[in-house]
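File shown: work-v4.pdb. Contents: PDB, C-alpha atoms and all ligand atoms.
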```
ATOM      1  CA  MET I   1      95.233 137.289  92.922
ATOM      2  CA  THR I   2      94.412 136.768  96.590
ATOM      3  CA  SER I   3      91.856 139.250  97.816
ATOM      4  CA  PRO I   4      93.082 141.485 100.622
ATOM      5  CA  ILE I   5      89.720 141.065 102.341
ATOM      6  CA  ARG I   6      89.348 137.298 102.009
ATOM      7  CA  ARG I   7      91.800 135.181 103.961
ATOM      8  CA  PRO I   8      92.278 131.914 102.077
ATOM      9  CA  LEU I   9      90.952 128.782 103.750
ATOM     10  CA  ILE I  10      92.348 125.330 103.083
ATOM     11  CA  ALA I  11      90.087 122.720 104.659
ATOM     12  CA  GLY I  12      90.633 118.978 104.687
ATOM     13  CA  ASN I  13      87.666 116.633 104.550
ATOM     14  CA  TRP I  14      88.744 113.329 106.046
ATOM     15  CA  LYS I  15      85.360 111.784 105.231
ATOM     16  CA  MET I  16      84.870 108.325 106.843
ATOM     17  CA  HIS I  17      88.542 107.493 107.127
ATOM     18  CA  LEU I  18      91.132 106.733 109.819
ATOM     19  CA  THR I  19      91.180 105.175 113.258
ATOM     20  CA  LEU I  20      91.522 107.393 116.310
ATOM     21  CA  ALA I  21      95.254 106.681 116.502
ATOM     22  CA  GLN I  22      95.686 107.512 112.821
ATOM     23  CA  SER I  23      93.628 110.678 113.278
ATOM     24  CA  VAL I  24      95.861 111.856 116.095
ATOM     25  CA  ASP I  25      98.988 111.129 114.047
ATOM     26  CA  LEU I  26      97.661 112.956 110.991
ATOM     27  CA  ALA I  27      96.472 115.937 113.039
ATOM     28  CA  LYS I  28      99.913 116.262 114.650
ATOM     29  CA  ALA I  29     101.589 116.039 111.258
ATOM     30  CA  VAL I  30      99.224 118.652 109.793
ATOM     31  CA  CYS I  31      99.939 121.037 112.686
ATOM     32  CA  ASP I  32     103.678 120.706 112.097
ATOM     33  CA  ALA I  33     103.638 120.762 108.325
ATOM     34  CA  THR I  34     101.285 123.724 107.844
ATOM     35  CA  LYS I  35     102.892 126.128 110.340
ATOM     36  CA  ASP I  36     104.038 128.484 107.607
ATOM     37  CA  SER I  37     100.823 128.422 105.600
ATOM     38  CA  PRO I  38      99.478 131.848 104.667
ATOM     39  CA  ALA I  39      95.997 130.354 104.767
ATOM     40  CA  GLU I  40      93.589 129.461 107.519
ATOM     41  CA  VAL I  41      93.902 125.682 107.842
ATOM     42  CA  ALA I  42      91.151 123.358 109.042
ATOM     43  CA  VAL I  43      90.585 119.626 109.246
ATOM     44  CA  CYS I  44      87.020 118.290 109.118
ATOM     45  CA  VAL I  45      87.058 114.913 110.790
ATOM     46  CA  PRO I  46      84.576 112.123 111.593
ATOM     47  CA  PHE I  47      82.423 112.808 114.658
ATOM     48  CA  THR I  48      84.198 110.076 116.630
ATOM     49  CA  ALA I  49      87.582 111.741 116.116
ATOM     50  CA  LEU I  50      86.538 115.278 117.088
ATOM     51  CA  THR I  51      87.604 115.186 120.717
ATOM     52  CA  VAL I  52      90.956 113.490 120.170
ATOM     53  CA  VAL I  53      91.850 115.773 117.271
ATOM     54  CA  SER I  54      90.624 118.762 119.270
ATOM     55  CA  ALA I  55      93.186 117.923 121.956
ATOM     56  CA  VAL I  56      95.938 117.864 119.314
ATOM     57  CA  VAL I  57      95.056 121.119 117.539
ATOM     58  CA  LYS I  58      94.196 123.111 120.661
ATOM     59  CA  GLY I  59      96.479 126.144 120.897
ATOM     60  CA  THR I  60      97.759 125.694 117.336
ATOM     61  CA  HIS I  61      96.801 127.494 114.123
ATOM     62  CA  VAL I  62      94.820 124.475 112.877
ATOM     63  CA  ARG I  63      91.032 124.653 113.159
ATOM     64  CA  LEU I  64      88.671 121.745 113.613
ATOM     65  CA  GLY I  65      85.478 121.022 111.703
ATOM     66  CA  GLY I  66      82.643 118.533 111.581
ATOM     67  CA  GLN I  67      81.397 117.107 108.308
ATOM     68  CA  ASN I  68      77.682 117.475 108.963
ATOM     69  CA  LEU I  69      75.203 118.393 111.683
ATOM     70  CA  TYR I  70      71.520 118.169 112.489
ATOM     71  CA  TRP I  71      69.566 121.377 112.975
ATOM     72  CA  GLU I  72      67.741 120.541 116.215
ATOM     73  CA  PRO I  73      69.619 121.455 119.399
ATOM     74  CA  GLN I  74      68.873 118.140 121.159
ATOM     75  CA  GLY I  75      66.297 115.388 121.408
ATOM     76  CA  ALA I  76      65.262 112.019 120.084
ATOM     77  CA  PHE I  77      67.189 112.097 116.795
ATOM     78  CA  THR I  78      69.108 108.831 116.845
ATOM     79  CA  GLY I  79      72.374 108.981 114.979
ATOM     80  CA  GLU I  80      72.459 112.754 114.624
ATOM     81  CA  VAL I  81      74.810 115.363 116.091
ATOM     82  CA  SER I  82      73.851 118.973 116.854
ATOM     83  CA  ALA I  83      75.738 122.195 116.275
ATOM     84  CA  GLY I  84      76.116 122.618 120.032
ATOM     85  CA  GLN I  85      77.626 119.159 120.347
ATOM     86  CA  LEU I  86      80.143 119.989 117.615
ATOM     87  CA  VAL I  87      81.167 123.125 119.470
ATOM     88  CA  ASP I  88      81.345 121.179 122.726
ATOM     89  CA  ALA I  89      83.713 118.717 121.031
ATOM     90  CA  GLY I  90      86.003 121.552 119.918
ATOM     91  CA  ALA I  91      84.797 122.283 116.408
ATOM     92  CA  THR I  92      84.853 125.782 114.943
ATOM     93  CA  HIS I  93      83.859 124.846 111.386
ATOM     94  CA  VAL I  94      81.332 122.515 109.784
ATOM     95  CA  ILE I  95      80.748 121.256 106.260
ATOM     96  CA  ILE I  96      77.108 121.475 105.168
ATOM     97  CA  GLY I  97      75.487 119.975 102.066
ATOM     98  CA  HIS I  98      78.474 118.036 100.762
ATOM     99  CA  SER I  99      77.444 116.293  97.533
ATOM    100  CA  GLU I 100      77.907 112.904  99.207
ATOM    101  CA  ARG I 101      75.323 113.988 101.797
ATOM    102  CA  ARG I 102      73.014 115.280  99.088
ATOM    103  CA  ARG I 103      73.394 112.174  96.899
ATOM    104  CA  LEU I 104      73.595 109.370  99.473
ATOM    105  CA  PHE I 105      71.654 110.746 102.435
ATOM    106  CA  GLY I 106      69.038 112.934 100.792
ATOM    107  CA  ASP I 107      70.155 116.358 102.023
ATOM    108  CA  THR I 108      67.985 118.887 100.181
ATOM    109  CA  ASP I 109      68.503 122.626  99.819
ATOM    110  CA  GLU I 110      65.896 123.061 102.550
ATOM    111  CA  ALA I 111      67.888 120.792 104.874
ATOM    112  CA  VAL I 112      71.054 122.694 104.002
ATOM    113  CA  ASN I 113      69.274 125.924 104.892
ATOM    114  CA  ARG I 114      68.126 124.583 108.279
ATOM    115  CA  LYS I 115      71.590 123.213 109.027
ATOM    116  CA  LEU I 116      73.118 126.535 108.075
ATOM    117  CA  LYS I 117      70.809 128.355 110.490
ATOM    118  CA  ALA I 118      71.793 125.993 113.297
ATOM    119  CA  ALA I 119      75.497 126.315 112.506
ATOM    120  CA  LEU I 120      75.382 130.112 112.473
ATOM    121  CA  ALA I 121      73.398 130.217 115.704
ATOM    122  CA  ALA I 122      76.153 128.127 117.316
ATOM    123  CA  LYS I 123      78.838 130.441 115.854
ATOM    124  CA  LEU I 124      80.323 127.668 113.740
ATOM    125  CA  ILE I 125      81.921 128.684 110.452
ATOM    126  CA  PRO I 126      79.817 126.875 107.856
ATOM    127  CA  ILE I 127      81.298 125.572 104.621
ATOM    128  CA  VAL I 128      78.263 125.171 102.358
ATOM    129  CA  CYS I 129      78.904 122.919  99.360
ATOM    130  CA  VAL I 130      77.298 123.409  95.973
ATOM    131  CA  GLY I 131      78.046 121.874  92.598
ATOM    132  CA  GLU I 132      76.662 120.248  89.501
ATOM    133  CA  THR I 133      76.798 116.635  88.348
ATOM    134  CA  LEU I 134      78.415 115.639  85.074
ATOM    135  CA  ASP I 135      75.000 115.225  83.429
ATOM    136  CA  GLU I 136      74.008 118.694  84.563
ATOM    137  CA  ARG I 137      77.216 120.193  83.185
ATOM    138  CA  GLN I 138      76.871 118.363  79.906
ATOM    139  CA  SER I 139      73.301 119.586  79.513
ATOM    140  CA  ASN I 140      74.273 123.193  80.259
ATOM    141  CA  GLN I 141      72.514 123.201  83.628
ATOM    142  CA  THR I 142      75.529 124.220  85.720
ATOM    143  CA  PHE I 143      74.485 127.810  86.375
ATOM    144  CA  ARG I 144      70.862 126.855  87.014
ATOM    145  CA  VAL I 145      71.978 124.257  89.592
ATOM    146  CA  LEU I 146      74.364 126.657  91.301
ATOM    147  CA  GLU I 147      71.731 129.394  91.414
ATOM    148  CA  THR I 148      69.145 127.015  92.920
ATOM    149  CA  GLN I 149      71.531 125.589  95.520
ATOM    150  CA  MET I 150      72.803 129.019  96.546
ATOM    151  CA  ALA I 151      69.355 130.591  96.778
ATOM    152  CA  GLY I 152      67.840 127.596  98.566
ATOM    153  CA  GLY I 153      70.695 127.008 100.965
ATOM    154  CA  LEU I 154      71.363 130.612 101.909
ATOM    155  CA  LYS I 155      67.863 132.057 101.959
ATOM    156  CA  GLY I 156      66.222 133.916 104.800
ATOM    157  CA  PHE I 157      69.082 135.488 106.744
ATOM    158  CA  ALA I 158      69.950 139.047 107.609
ATOM    159  CA  PRO I 159      73.132 140.060 105.722
ATOM    160  CA  ALA I 160      74.972 140.565 109.005
ATOM    161  CA  ASP I 161      74.249 136.979 110.022
ATOM    162  CA  VAL I 162      75.870 135.363 106.995
ATOM    163  CA  SER I 163      79.192 137.187 107.072
ATOM    164  CA  SER I 164      81.095 134.080 108.242
ATOM    165  CA  VAL I 165      79.612 131.753 105.619
ATOM    166  CA  VAL I 166      82.032 130.004 103.285
ATOM    167  CA  VAL I 167      80.785 128.434 100.053
ATOM    168  CA  ALA I 168      82.617 125.552  98.406
ATOM    169  CA  TYR I 169      82.136 124.990  94.691
ATOM    170  CA  GLU I 170      82.508 121.251  94.308
ATOM    171  CA  PRO I 171      81.595 119.923  90.882
ATOM    172  CA  VAL I 172      80.373 116.401  91.636
ATOM    173  CA  TRP I 173      82.225 115.004  88.628
ATOM    174  CA  ALA I 174      85.521 116.180  90.101
ATOM    175  CA  ILE I 175      85.126 114.782  93.618
ATOM    176  CA  GLY I 176      87.310 111.767  94.236
ATOM    177  CA  THR I 177      87.667 111.136  90.520
ATOM    178  CA  GLY I 178      91.103 112.539  89.813
ATOM    179  CA  VAL I 179      89.459 114.820  87.246
ATOM    180  CA  THR I 180      89.904 118.414  88.324
ATOM    181  CA  ALA I 181      88.001 121.378  86.952
ATOM    182  CA  THR I 182      90.294 123.495  84.843
ATOM    183  CA  PRO I 183      91.233 126.798  86.439
ATOM    184  CA  ALA I 184      89.016 128.512  83.854
ATOM    185  CA  GLN I 185      86.027 126.276  84.654
ATOM    186  CA  ALA I 186      86.493 126.846  88.370
ATOM    187  CA  GLN I 187      86.876 130.611  87.955
ATOM    188  CA  GLU I 188      83.759 130.815  85.772
ATOM    189  CA  ALA I 189      81.692 129.005  88.414
ATOM    190  CA  HIS I 190      83.154 131.044  91.271
ATOM    191  CA  LEU I 191      82.459 134.321  89.529
ATOM    192  CA  PHE I 192      78.894 133.178  88.927
ATOM    193  CA  LEU I 193      78.535 132.225  92.610
ATOM    194  CA  ARG I 194      79.878 135.608  93.696
ATOM    195  CA  LYS I 195      77.283 137.301  91.513
ATOM    196  CA  GLN I 196      74.567 135.133  93.056
ATOM    197  CA  ALA I 197      75.848 136.096  96.493
ATOM    198  CA  ALA I 198      75.533 139.772  95.532
ATOM    199  CA  LYS I 199      71.952 139.211  94.407
ATOM    200  CA  LEU I 200      71.124 137.522  97.702
ATOM    201  CA  TYR I 201      72.858 139.778 100.218
ATOM    202  CA  GLY I 202      74.494 142.665  98.391
ATOM    203  CA  GLU I 203      77.890 143.603  96.983
ATOM    204  CA  GLY I 204      79.574 143.873 100.384
ATOM    205  CA  PHE I 205      78.671 140.315 101.287
ATOM    206  CA  ALA I 206      79.747 139.044  97.876
ATOM    207  CA  ALA I 207      83.093 140.830  98.046
ATOM    208  CA  GLY I 208      83.864 139.275 101.409
ATOM    209  CA  LEU I 209      82.509 135.801 100.668
ATOM    210  CA  ARG I 210      85.185 133.107 100.684
ATOM    211  CA  LEU I 211      84.640 130.709  97.795
ATOM    212  CA  LEU I 212      86.557 127.439  97.997
ATOM    213  CA  TYR I 213      87.115 125.045  95.133
ATOM    214  CA  GLY I 214      86.830 121.310  95.820
ATOM    215  CA  GLY I 215      87.317 118.363  93.515
ATOM    216  CA  SER I 216      90.570 116.405  93.173
ATOM    217  CA  VAL I 217      92.757 119.251  94.396
ATOM    218  CA  THR I 218      96.361 118.088  94.666
ATOM    219  CA  ALA I 219      99.763 119.503  95.510
ATOM    220  CA  GLU I 220     100.388 119.624  91.777
ATOM    221  CA  ASN I 221      97.300 121.534  90.618
ATOM    222  CA  VAL I 222      96.619 123.840  93.559
ATOM    223  CA  ASP I 223      98.798 126.742  92.410
ATOM    224  CA  ASN I 224      97.091 127.096  89.046
ATOM    225  CA  LEU I 225      93.665 126.885  90.646
ATOM    226  CA  MET I 226      94.538 129.405  93.339
ATOM    227  CA  ALA I 227      95.885 131.801  90.720
ATOM    228  CA  GLN I 228      92.264 132.508  89.742
ATOM    229  CA  PRO I 229      90.897 135.727  91.213
ATOM    230  CA  ASP I 230      87.712 134.303  92.694
ATOM    231  CA  LEU I 231      89.228 131.197  94.301
ATOM    232  CA  ASP I 232      89.774 131.781  97.998
ATOM    233  CA  GLY I 233      90.896 128.345  99.039
ATOM    234  CA  ALA I 234      90.177 124.669  98.708
ATOM    235  CA  LEU I 235      88.143 121.894 100.246
ATOM    236  CA  VAL I 236      90.383 118.860  99.951
ATOM    237  CA  GLY I 237      89.332 115.225 100.265
ATOM    238  CA  GLY I 238      91.801 112.528  99.262
ATOM    239  CA  ALA I 239      94.899 114.714  99.393
ATOM    240  CA  SER I 240      94.083 115.830 102.939
ATOM    241  CA  LEU I 241      94.826 112.339 104.268
ATOM    242  CA  LYS I 242      98.565 112.739 103.702
ATOM    243  CA  ALA I 243     100.163 115.551 105.665
ATOM    244  CA  PRO I 244     102.882 116.438 103.126
ATOM    245  CA  ALA I 245     100.411 116.776 100.248
ATOM    246  CA  PHE I 246      97.937 118.710 102.373
ATOM    247  CA  ALA I 247     100.680 120.980 103.662
ATOM    248  CA  ARG I 248     101.843 121.720 100.139
ATOM    249  CA  ILE I 249      98.274 122.616  99.226
ATOM    250  CA  ALA I 250      98.049 124.876 102.271
ATOM    251  CA  ARG I 251     101.271 126.576 101.147
ATOM    252  CA  PHE I 252      99.963 127.270  97.639
ATOM    253  CA  GLN I 253     102.152 129.874  96.095
ATOM    254  CA  VAL I 254     100.573 133.174  96.817
ATOM    255  CA  GLU I 255     103.251 134.786  94.680
ATOM    256  CA  ALA I 256     101.883 132.907  91.691
ATOM    257  CA  LYS I 257      98.690 134.919  92.101
ATOM    258  CA  ALA I 258     100.332 138.298  91.867
TER     259      ALA I 258
HETATM  260  C1  LIG K 301      85.622 116.477  98.943
HETATM  261  O1  LIG K 301      85.348 115.430  99.498
HETATM  262  O2  LIG K 301      85.067 117.511  99.305
HETATM  263  C2  LIG K 301      86.601 116.467  97.867
HETATM  264  C3  LIG K 301      86.794 117.550  97.194
HETATM  265  O3  LIG K 301      87.261 115.269  97.640
HETATM  266  P1  LIG K 301      88.537 115.061  96.683
HETATM  267  O4  LIG K 301      89.522 116.146  96.987
HETATM  268  O5  LIG K 301      89.043 113.701  97.034
HETATM  269  O6  LIG K 301      88.043 115.144  95.283
END
```
What does the file become when written as structure tokens?
Ligand code: PEP
Amino acid sequence: MTSPIRRPLIAGNWKMHLTLAQSVDLAKAVCDATKDSPAEVAVCVPFTALTVVSAVVKGTHVRLGGQNLYWEPQGAFTGEVSAGQLVDAGATHVIIGHSERRRLFGDTDEAVNRKLKAALAAKLIPIVCVGETLDERQSNQTFRVLETQMAGGLKGFAPADVSSVVVAYEPVWAIGTGVTATPAQAQEAHLFLRKQAAKLYGEGFAAGLRLLYGGSVTAENVDNLMAQPDLDGALVGGASLKAPAFARIARFQVEAKA
């Protein structure tokens, strides 16, 4: 059942896809198709598309996110983009510690923590990704991995400073594979994450923390996932590249959760 204190968030992760023209077209279609969504809707786009998509979503209900950032405010960091630059380009949200960043680009929990600090200082809404690999799940390491990633990524803040943080549970084995966690698997992990959040920053923080599920979410499976009490939305990769599918996900049936 949807929590009265946690507004659902459906965020698309466009990854490294689309030309500028295609980005504009998709952003327009998402704005139109998600008008009646009960959820907060965001699209996290490649850096190069931020300004053009920002122009499309400005004044609409759709929010704009980056997919990564660097923690320094400026300087000689070739190829990197700062939190301030994301805000300047129109972003309100940012994904941090996506498993593709962790696996392919070496983002550690310490890097996630520094990026989170920079995002919060810039008043961006951070979507911090955590999740276990298939090997880790099969060797019963899931909870240990989630505990380590949560504690490492979120450490060192005052409770008041982390109130906007969103955490996305993204089992690596479910990302882009077409294999989705079962609703029971997702709920078990989310409940565990909420308990970790309580340990870190207290029950009030945990109760308000929005926990997204990510990993092969589709128009077909979203309702059953969202029927779980500790799922507060979704981070959507592949299905966010088609406006009708993404819109259907954003209109997940809240009634099904009652
Ligand atoms: C993602 O990239 O965060 C993701 C969940 O991808 P997909 O929905 O394609 O599995």
Which one of I:Ala239, I:Val166, I:Ile10, I:Ala197 sits closest to ligand LIG 301 (chain K) if you count only C-alpha atoms and all ligand atoms?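 Closest candidate: I:Ala239.
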Go through I:Thr180, I:Ser99, I:Ser54, I:Thr60 and flag the residue nearest Asp32 in chain I, using only C-alpha atoms for the distances. I:Thr60
Select all residues near (69.7, 132.1, 95.1) (cut-off 10 Å, inclusive, file coordinates), counting all atoms listed in the file, and output them as a count of residues only. 20
Test item: residues at most 10 Å from Ala27 in chain I, all atoms listed in the file, excluding those fewer than 2 positions along its chain, as a list of chain:residue names: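 Counting all atoms listed in the file, the residues come to I:Ala21, I:Gln22, I:Ser23, I:Val24, I:Asp25, I:Ala29, I:Val30, I:Cys31, I:Asp32, I:Ala33, I:Ala42, I:Val43, I:Val45, I:Val52, I:Val53, I:Ser54, I:Ala55, I:Val56, I:Val57, I:Val62, I:Leu64, I:Leu241, I:Ala243.
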What residues come out when you apply the PyMOL selection byres (((not hetatm)) within 10 of (chain K and resi 301)) to this file, written as a PyMOL selection string? chain I and resi 11-15+67+95+98-100+129+168-180+212-218+234-241
Take the residues just selected and output them with C-alpha atoms as a tab-separated table (two decimals), keeping the file's coordinate frame.
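Result file is part-v1.tsv:
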```tsv
chain	number	residue	atom	x	y	z
I	11	ALA	CA	90.09	122.72	104.66
I	12	GLY	CA	90.63	118.98	104.69
I	13	ASN	CA	87.67	116.63	104.55
I	14	TRP	CA	88.74	113.33	106.05
I	15	LYS	CA	85.36	111.78	105.23
I	67	GLN	CA	81.40	117.11	108.31
I	95	ILE	CA	80.75	121.26	106.26
I	98	HIS	CA	78.47	118.04	100.76
I	99	SER	CA	77.44	116.29	97.53
I	100	GLU	CA	77.91	112.90	99.21
I	129	CYS	CA	78.90	122.92	99.36
I	168	ALA	CA	82.62	125.55	98.41
I	169	TYR	CA	82.14	124.99	94.69
I	170	GLU	CA	82.51	121.25	94.31
I	171	PRO	CA	81.60	119.92	90.88
I	172	VAL	CA	80.37	116.40	91.64
I	173	TRP	CA	82.22	115.00	88.63
I	174	ALA	CA	85.52	116.18	90.10
I	175	ILE	CA	85.13	114.78	93.62
I	176	GLY	CA	87.31	111.77	94.24
I	177	THR	CA	87.67	111.14	90.52
I	178	GLY	CA	91.10	112.54	89.81
I	179	VAL	CA	89.46	114.82	87.25
I	180	THR	CA	89.90	118.41	88.32
I	212	LEU	CA	86.56	127.44	98.00
I	213	TYR	CA	87.12	125.04	95.13
I	214	GLY	CA	86.83	121.31	95.82
I	215	GLY	CA	87.32	118.36	93.52
I	216	SER	CA	90.57	116.40	93.17
I	217	VAL	CA	92.76	119.25	94.40
I	218	THR	CA	96.36	118.09	94.67
I	234	ALA	CA	90.18	124.67	98.71
I	235	LEU	CA	88.14	121.89	100.25
I	236	VAL	CA	90.38	118.86	99.95
I	237	GLY	CA	89.33	115.22	100.26
I	238	GLY	CA	91.80	112.53	99.26
I	239	ALA	CA	94.90	114.71	99.39
I	240	SER	CA	94.08	115.83	102.94
I	241	LEU	CA	94.83	112.34	104.27
```
Taking all atoms listed in the file into account, name the residue in I:Phe47, I:Phe205, I:Phe192, I:Phe77 that is nearest to Phe143 in chain I.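 Among the listed residues, the smallest separation from Phe143 in chain I belongs to I:Phe192.
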For the structure provided, state which residues fall under the PyMOL selection byres (((chain I and resi 73-75) around 12) and not hetatm), and present them as a list in words.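 For this structure, the PyMOL selection byres (((chain I and resi 73-75) around 12) and not hetatm) captures Leu69, Tyr70, Trp71, Glu72, Ala76, Phe77, Thr78, Gly79, Glu80, Val81, Ser82, Ala83, Gly84, Gln85, Leu86, Val87, Arg114, Lys115, Lys117, Ala118, Ala119, Ala121 and Ala122 of chain I.
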Go through I:Ala227, I:Glu110, I:Asp232, I:Ala181 and flag the residue nearest Arg137 in chain I, using all atoms listed in the file for the distances.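 Closest to Arg137 in chain I, using all atoms listed in the file: I:Ala181.
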If we count only C-alpha atoms, what is near Pro38 in chain I at a cut-off of 8 Å, once residues fewer than 4 positions away on the same chain are taken out, given as a ChimeraX atom specification? /I:8,250-251
